Amino acid sequence: MKVIIIGASGVGYVAAETISDAHDVLVIEIDPDVADSVKNRLNVSVLNEDGTNPRVLEKYINLHHPDVIISTLKRDDSNLYICMLAKRFKPDIKTVASITNPDYVIKTSSEGYEGVDVIISPELITAEKMYRLCALENAIDYESLSAFGLSMAVFEIGQNSYFIGQIVMNTFNLEECSVFAIYRNDELYFQVDTMEIHVGDRICLMGSEEALQKYNDAIGVDVTSRDIVILGGTIVGRNLATLLANDQKKRYIRIVEKRQDYCQDMSRVLNGVVVVNGDFTEPDIQSSENIFRADCLVTVTNQDDTNLLMCMSGQKYNTNKIISRYLKKEYMDIFMFTGLATIIGYDMIVSNEISKCVMSESKVLLRMRDHDELFFIHDVNDRSKLLNKYYGDLIIPDGLRVIAINRGEERIFPAMDTMFLDGDRVIVFTNYASGKGIAKVFGRNAVTES
């Protein structure tokens, strides 16, 4: 597949990095220094030009013949303009726009409006993930597979959990969800149905939002997330506060921001949210607002070092739950080194969204924090080794787990007597670094992009 990416900072760079090994990518970047950096680091073609110039855009669409164009400039209006202009030059091109301000999220072609096929907004996606992690008190990770009506969460088993000592298969209803893996210490286990649950286990579960909430409650909730403090009046912080305030649950939500103009604006638009104007890095504000005594502390500033500092302070004061994001990829290891589990990476958000909208032919749904851990889709047809076979008859090696089947409008979590039928779309989780083990079960080209 041929792809043009407009803009190579932030989203553009991660997008190019994500797909450059599998696709023919041309990056158009106006800043010569950024263009040189991308050229030296990634296996892509780079053009130092203005991607908003209609003549430049038309010329390189005609020369490169792209299947997809992804616009990732800092200005949302420019990204929408580029996508609409690209459709004029090549009507069948797939257009993807990166949007920061939710006011610019317009209706797409799937909703009957020509111009933009896909809109990705890392800020809005981050806010949604943080909202789910606030609501699921035992969850440390969350992903939405909205195209399949399913979600995934990783639940950590605490010392007071009701599940300690229980067998995994006895903790859930297979008709509602599926436990497909467990992280224990530094190991990842796939064949988990008969495992006994231990303190510290991280249980991976897939199901509907209702099933995830039910499982979270069944684990046992020590402290319900009612008092939630958000540090930073960023787009993520504002949208997170809105989601929490609108879900009809009784919560005390505070958002702390030191910029007065931001606070004035938030006070006008945020209902059911207490806006505090102050520098949350100052001990006086931390004490007066009881920041570290909150049921859930969320750091969403645009400064990774500030987020890290506040998280570490929360750990010092034994804050019940801490959720943070990081923007620079290099900070992931630092956050994890501190023991923080509930962190959301900007690079992972962008990478997974780009995979979903660009790599549709590869069937890769999303990746976990470990790059080799991924979810992919296997289509059952006359070339599939699964066709008309029962799940219980499959010989599945360790490192693979069939999680769910999408059959029309039906979602099936396979039991031993479940037969795979023509047209089924099978969701699979694996940590295989190569496709050899996958091919033994599903056939050649089961995952066309590694």
# chains A, B, ... in the order shown; residues from 1 in each chain; ligands from 1
>>> residues_around(residues="Ile140 (chain A)", least_positions_apart="3", cutoff="12 Å", atoms="only C-alpha atoms", output="mmCIF file with N, CA and C atoms, in the first residue's frame")
data_model
loop_
_atom_site.group_PDB
_atom_site.id
_atom_site.type_symbol
_atom_site.label_atom_id
_atom_site.label_comp_id
_atom_site.auth_asym_id
_atom_site.auth_seq_id
_atom_site.Cartn_x
_atom_site.Cartn_y
_atom_site.Cartn_z
ATOM 1 N N LYS A 129 -10.035 6.643 27.401
ATOM 2 C CA LYS A 129 -9.349 5.557 28.111
ATOM 3 C C LYS A 129 -9.228 5.874 29.600
ATOM 4 N N MET A 130 -8.866 7.123 29.901
ATOM 5 C CA MET A 130 -8.730 7.513 31.300
ATOM 6 C C MET A 130 -10.065 7.440 32.029
ATOM 7 N N TYR A 131 -11.126 7.805 31.344
ATOM 8 C CA TYR A 131 -12.464 7.712 31.939
ATOM 9 C C TYR A 131 -12.780 6.263 32.300
ATOM 10 N N ARG A 132 -12.510 5.336 31.378
ATOM 11 C CA ARG A 132 -12.782 3.923 31.653
ATOM 12 C C ARG A 132 -11.923 3.414 32.803
ATOM 13 N N LEU A 133 -10.684 3.873 32.886
ATOM 14 C CA LEU A 133 -9.788 3.428 33.952
ATOM 15 C C LEU A 133 -10.197 4.008 35.300
ATOM 16 N N CYS A 134 -10.805 5.195 35.282
ATOM 17 C CA CYS A 134 -11.351 5.752 36.522
ATOM 18 C C CYS A 134 -12.556 4.929 36.989
ATOM 19 N N ALA A 135 -13.413 4.568 36.039
ATOM 20 C CA ALA A 135 -14.642 3.843 36.368
ATOM 21 C C ALA A 135 -14.370 2.402 36.784
ATOM 22 N N LEU A 136 -13.335 1.786 36.205
ATOM 23 C CA LEU A 136 -12.968 0.410 36.546
ATOM 24 C C LEU A 136 -11.830 0.471 37.559
ATOM 25 N N GLU A 137 -12.189 0.452 38.834
ATOM 26 C CA GLU A 137 -11.192 0.707 39.879
ATOM 27 C C GLU A 137 -10.036 -0.274 39.876
ATOM 28 N N GLU A 143 -8.526 -1.023 26.443
ATOM 29 C CA GLU A 143 -8.567 -0.748 25.006
ATOM 30 C C GLU A 143 -9.976 -1.003 24.494
ATOM 31 N N MET A 152 -11.342 -4.410 25.989
ATOM 32 C CA MET A 152 -10.380 -5.228 26.717
ATOM 33 C C MET A 152 -9.883 -4.452 27.922
ATOM 34 N N ALA A 153 -9.752 -5.134 29.041
ATOM 35 C CA ALA A 153 -9.198 -4.511 30.236
ATOM 36 C C ALA A 153 -8.258 -5.486 30.924
ATOM 37 N N VAL A 154 -7.244 -4.928 31.589
ATOM 38 C CA VAL A 154 -6.331 -5.722 32.407
ATOM 39 C C VAL A 154 -6.597 -5.346 33.862
ATOM 40 N N PHE A 155 -7.014 -6.339 34.668
ATOM 41 C CA PHE A 155 -7.376 -6.115 36.069
ATOM 42 C C PHE A 155 -6.265 -6.643 36.972
ATOM 43 N N GLU A 156 -5.866 -5.830 37.934
ATOM 44 C CA GLU A 156 -4.844 -6.249 38.899
ATOM 45 C C GLU A 156 -5.514 -6.767 40.169
ATOM 46 N N ILE A 157 -5.068 -7.920 40.627
ATOM 47 C CA ILE A 157 -5.648 -8.557 41.813
ATOM 48 C C ILE A 157 -4.942 -8.053 43.068
ATOM 49 N N GLY A 158 -5.678 -7.330 43.907
ATOM 50 C CA GLY A 158 -5.114 -6.799 45.145
ATOM 51 C C GLY A 158 -5.180 -7.794 46.288
ATOM 52 N N TYR A 183 -0.845 -11.908 33.282
ATOM 53 C CA TYR A 183 0.535 -11.506 33.571
ATOM 54 C C TYR A 183 0.802 -11.853 35.026
ATOM 55 N N GLY A 200 -1.517 -10.012 42.970
ATOM 56 C CA GLY A 200 -0.607 -9.392 42.018
ATOM 57 C C GLY A 200 -0.822 -9.832 40.588
ATOM 58 N N ASP A 201 -1.620 -10.884 40.372
ATOM 59 C CA ASP A 201 -1.918 -11.301 38.997
ATOM 60 C C ASP A 201 -2.602 -10.167 38.242
ATOM 61 N N ARG A 202 -2.307 -10.075 36.965
ATOM 62 C CA ARG A 202 -2.965 -9.098 36.101
ATOM 63 C C ARG A 202 -3.759 -9.872 35.048
ATOM 64 N N ILE A 203 -5.064 -9.850 35.224
ATOM 65 C CA ILE A 203 -5.959 -10.682 34.422
ATOM 66 C C ILE A 203 -6.463 -9.912 33.214
ATOM 67 N N CYS A 204 -6.256 -10.473 32.022
ATOM 68 C CA CYS A 204 -6.688 -9.844 30.768
ATOM 69 C C CYS A 204 -8.052 -10.389 30.379
ATOM 70 N N LEU A 205 -9.019 -9.509 30.231
ATOM 71 C CA LEU A 205 -10.386 -9.919 29.957
ATOM 72 C C LEU A 205 -10.949 -9.130 28.782
ATOM 73 N N ASN A 216 -15.094 -6.223 37.211
ATOM 74 C CA ASN A 216 -14.406 -5.298 38.114
ATOM 75 C C ASN A 216 -15.035 -5.324 39.499
ATOM 76 N N LYS A 321 -5.345 5.382 43.696
ATOM 77 C CA LYS A 321 -5.128 5.040 42.291
ATOM 78 C C LYS A 321 -4.582 6.253 41.559
ATOM 79 N N ILE A 322 -3.573 6.013 40.728
ATOM 80 C CA ILE A 322 -2.941 7.090 39.969
ATOM 81 C C ILE A 322 -2.967 6.720 38.495
ATOM 82 N N ILE A 323 -3.431 7.652 37.677
ATOM 83 C CA ILE A 323 -3.477 7.459 36.226
ATOM 84 C C ILE A 323 -2.719 8.614 35.584
ATOM 85 N N SER A 324 -1.861 8.305 34.632
ATOM 86 C CA SER A 324 -1.103 9.366 33.984
ATOM 87 C C SER A 324 -0.916 9.067 32.506
ATOM 88 N N GLY A 339 7.127 2.003 39.050
ATOM 89 C CA GLY A 339 6.081 1.091 39.487
ATOM 90 C C GLY A 339 4.690 1.522 39.080
ATOM 91 N N LEU A 340 4.579 2.623 38.357
ATOM 92 C CA LEU A 340 3.272 3.084 37.889
ATOM 93 C C LEU A 340 2.781 2.160 36.792
ATOM 94 N N ALA A 341 1.607 1.614 36.971
ATOM 95 C CA ALA A 341 1.071 0.647 36.005
ATOM 96 C C ALA A 341 0.052 1.274 35.068
ATOM 97 N N THR A 342 -0.720 2.236 35.582
ATOM 98 C CA THR A 342 -1.825 2.786 34.809
ATOM 99 C C THR A 342 -1.357 4.042 34.075
ATOM 100 N N ILE A 343 -0.649 3.837 32.991
ATOM 101 C CA ILE A 343 -0.118 4.934 32.190
ATOM 102 C C ILE A 343 -0.558 4.753 30.739
ATOM 103 N N ILE A 344 -0.758 5.878 30.074
ATOM 104 C CA ILE A 344 -1.232 5.876 28.692
ATOM 105 C C ILE A 344 -0.231 6.642 27.840
#
>>> residues_around(residues="region 263-266 of chain A", least_positions_apart="5", cutoff="7 Å", atoms="only C-alpha atoms", output="list in words")
Glu257, Val275 and Asn277 of chain A
>>> write_last_selection(atoms="all heavy atoms", output="PDB file, in the first residue's frame")
ATOM      1  N   GLU A 257      -5.734  23.795  37.736  1.00  0.00           N
ATOM      2  CA  GLU A 257      -4.979  24.418  36.651  1.00  0.00           C
ATOM      3  C   GLU A 257      -4.481  25.785  37.133  1.00  0.00           C
ATOM      4  O   GLU A 257      -5.234  26.543  37.742  1.00  0.00           O
ATOM      5  CB  GLU A 257      -5.866  24.572  35.410  1.00  0.00           C
ATOM      6  CG  GLU A 257      -5.320  25.427  34.306  1.00  0.00           C
ATOM      7  CD  GLU A 257      -3.997  24.916  33.759  1.00  0.00           C
ATOM      8  OE1 GLU A 257      -3.923  23.724  33.392  1.00  0.00           O
ATOM      9  OE2 GLU A 257      -3.046  25.719  33.712  1.00  0.00           O
ATOM     10  N   VAL A 275     -13.582  23.740  39.481  1.00  0.00           N
ATOM     11  CA  VAL A 275     -12.352  24.208  38.852  1.00  0.00           C
ATOM     12  C   VAL A 275     -11.536  24.980  39.874  1.00  0.00           C
ATOM     13  O   VAL A 275     -12.013  25.969  40.448  1.00  0.00           O
ATOM     14  CB  VAL A 275     -12.648  25.087  37.620  1.00  0.00           C
ATOM     15  CG1 VAL A 275     -11.345  25.587  37.001  1.00  0.00           C
ATOM     16  CG2 VAL A 275     -13.469  24.314  36.588  1.00  0.00           C
ATOM     17  N   ASN A 277      -8.139  27.152  40.639  1.00  0.00           N
ATOM     18  CA  ASN A 277      -7.046  27.920  40.041  1.00  0.00           C
ATOM     19  C   ASN A 277      -5.858  27.927  41.005  1.00  0.00           C
ATOM     20  O   ASN A 277      -5.903  28.554  42.064  1.00  0.00           O
ATOM     21  CB  ASN A 277      -7.513  29.350  39.753  1.00  0.00           C
ATOM     22  CG  ASN A 277      -6.439  30.219  39.099  1.00  0.00           C
ATOM     23  OD1 ASN A 277      -6.444  31.421  39.224  1.00  0.00           O
ATOM     24  ND2 ASN A 277      -5.514  29.588  38.384  1.00  0.00           N
TER      25      ASN A 277
END
>>> atom_distance(atom1="CA of Lys356 (chain A)", atom2="CA of Phe376 (chain A)")
10.4 Å
>>> residues_around(residues="Gly237 (chain A)", least_positions_apart="4", cutoff="8 Å", atoms="only C-alpha atoms", output="list in words")
Ala127, Ile230, Leu231, Gly232, Gly233, Ala241, Ile255, Val300 and Thr301 of chain A
>>> closest_residue(among="A:Val221, A:Val402, A:Val116, A:Leu244", to="Ala181 (chain A)", atoms="only C-alpha atoms")
A:Val402
>>> closest_residue(among="A:Leu57, A:Val229, A:Ile197, A:Leu212", to="Met310 (chain A)", atoms="only C-alpha atoms")
A:Val229
>>> residues_around(residues="region 391-401 of chain A", least_positions_apart="6", cutoff="6 Å", atoms="only C-alpha atoms", output="JSON, numbers by chain")
{"A": [416, 418, 428, 429, 430, 431]}
>>> select_by_dssp(residues="region 159-372 of chain A", states="helix (DSSP H, G or I)", output="JSON, numbers by chain")
{"A": [168, 169, 170, 171, 209, 210, 211, 212, 213, 214, 215, 216, 217, 218, 219, 235, 236, 237, 238, 239, 240, 241, 242, 243, 244, 245, 260, 261, 262, 263, 264, 265, 266, 267, 268, 269, 283, 284, 285, 286, 287, 288, 291, 292, 293, 304, 305, 306, 307, 308, 309, 310, 311, 312, 313, 314, 315, 316, 331, 332, 333, 334, 335, 336, 337, 346, 347, 348, 349, 350, 351, 352, 353, 354, 355, 356, 357, 358]}
>>> closest_residue(among="A:Lys90, A:Lys74, A:Lys329, A:Lys249", to="Gly7 (chain A)", atoms="only C-alpha atoms")
A:Lys74
>>> select_by_dssp(residues="region 13-216 of chain A", states="strand (DSSP E)", output="PyMOL selection string")
chain A and resi 24-28+45-47+68-71+94-98+118-120+139-145+150-156+177-184+187-189+202-207
>>> write_last_selection(atoms="C-alpha atoms", output="PDB file, in the first residue's frame")
ATOM      1  CA  ASP A  24       5.571   2.570   0.703  1.00  0.00           C
ATOM      2  CA  VAL A  25       5.489   5.860   2.620  1.00  0.00           C
ATOM      3  CA  LEU A  26       6.121   9.413   1.397  1.00  0.00           C
ATOM      4  CA  VAL A  27       6.372  12.084   4.108  1.00  0.00           C
ATOM      5  CA  ILE A  28       5.853  15.743   3.154  1.00  0.00           C
ATOM      6  CA  SER A  45      10.789   8.900   1.325  1.00  0.00           C
ATOM      7  CA  VAL A  46      10.826  12.514   2.531  1.00  0.00           C
ATOM      8  CA  LEU A  47       9.895  15.660   0.648  1.00  0.00           C
ATOM      9  CA  VAL A  68      -4.129   6.630   1.715  1.00  0.00           C
ATOM     10  CA  ILE A  69      -3.268  10.180   2.744  1.00  0.00           C
ATOM     11  CA  ILE A  70      -2.797  11.041   6.434  1.00  0.00           C
ATOM     12  CA  SER A  71      -2.685  14.709   7.430  1.00  0.00           C
ATOM     13  CA  LYS A  94      -8.674   7.127   1.715  1.00  0.00           C
ATOM     14  CA  THR A  95      -8.270  10.292   3.784  1.00  0.00           C
ATOM     15  CA  VAL A  96      -7.264  10.399   7.459  1.00  0.00           C
ATOM     16  CA  ALA A  97      -7.174  13.624   9.499  1.00  0.00           C
ATOM     17  CA  SER A  98      -5.594  14.060  12.915  1.00  0.00           C
ATOM     18  CA  VAL A 118     -11.325   8.757   9.158  1.00  0.00           C
ATOM     19  CA  ILE A 119     -10.694  11.192  11.999  1.00  0.00           C
ATOM     20  CA  ILE A 120      -8.239  10.290  14.743  1.00  0.00           C
ATOM     21  CA  ALA A 139      -8.175  -1.925  35.871  1.00  0.00           C
ATOM     22  CA  ILE A 140      -4.663  -0.838  34.953  1.00  0.00           C
ATOM     23  CA  ASP A 141      -5.087  -0.960  31.177  1.00  0.00           C
ATOM     24  CA  TYR A 142      -8.005  -0.587  28.764  1.00  0.00           C
ATOM     25  CA  GLU A 143      -8.567  -0.748  25.006  1.00  0.00           C
ATOM     26  CA  SER A 144     -11.719  -0.359  22.945  1.00  0.00           C
ATOM     27  CA  LEU A 145     -12.428  -2.524  19.915  1.00  0.00           C
ATOM     28  CA  LEU A 150     -15.975  -5.317  22.515  1.00  0.00           C
ATOM     29  CA  SER A 151     -13.457  -3.884  24.951  1.00  0.00           C
ATOM     30  CA  MET A 152     -10.380  -5.228  26.717  1.00  0.00           C
ATOM     31  CA  ALA A 153      -9.198  -4.511  30.236  1.00  0.00           C
ATOM     32  CA  VAL A 154      -6.331  -5.722  32.407  1.00  0.00           C
ATOM     33  CA  PHE A 155      -7.376  -6.115  36.069  1.00  0.00           C
ATOM     34  CA  GLU A 156      -4.844  -6.249  38.899  1.00  0.00           C
ATOM     35  CA  CYS A 177     -16.670 -12.353  28.299  1.00  0.00           C
ATOM     36  CA  SER A 178     -13.395 -14.268  28.168  1.00  0.00           C
ATOM     37  CA  VAL A 179     -10.228 -14.269  30.274  1.00  0.00           C
ATOM     38  CA  PHE A 180      -7.537 -14.774  27.638  1.00  0.00           C
ATOM     39  CA  ALA A 181      -4.223 -14.214  29.444  1.00  0.00           C
ATOM     40  CA  ILE A 182      -2.591 -13.494  32.794  1.00  0.00           C
ATOM     41  CA  TYR A 183       0.535 -11.506  33.571  1.00  0.00           C
ATOM     42  CA  ARG A 184       2.244 -13.006  36.624  1.00  0.00           C
ATOM     43  CA  GLU A 187       5.652 -13.993  32.618  1.00  0.00           C
ATOM     44  CA  LEU A 188       2.640 -13.948  30.286  1.00  0.00           C
ATOM     45  CA  TYR A 189       0.406 -17.038  30.436  1.00  0.00           C
ATOM     46  CA  ARG A 202      -2.965  -9.098  36.101  1.00  0.00           C
ATOM     47  CA  ILE A 203      -5.959 -10.682  34.422  1.00  0.00           C
ATOM     48  CA  CYS A 204      -6.688  -9.844  30.768  1.00  0.00           C
ATOM     49  CA  LEU A 205     -10.386  -9.919  29.957  1.00  0.00           C
ATOM     50  CA  MET A 206     -12.381  -9.147  26.812  1.00  0.00           C
ATOM     51  CA  GLY A 207     -16.111  -8.512  26.660  1.00  0.00           C
TER      52      GLY A 207
END
>>> atom_distance(atom1="CA of His65 (chain A)", atom2="CA of Arg88 (chain A)")
13.7 Å
>>> closest_residue(among="A:Ser208, A:Glu353, A:Asn271, A:Tyr317", to="Asn246 (chain A)", atoms="only C-alpha atoms")
A:Asn271
>>> closest_residue(among="A:Asp379, A:Glu175, A:Asp117, A:Asp227", to="Ala211 (chain A)", atoms="only C-alpha atoms")
A:Glu175
>>> atom_distance(atom1="CA of Leu270 (chain A)", atom2="CA of Thr242 (chain A)")
6.5 Å
>>> closest_residue(among="A:Ser161, A:Val223, A:Ser267, A:Asp279", to="Ala294 (chain A)", atoms="only C-alpha atoms")
A:Val223
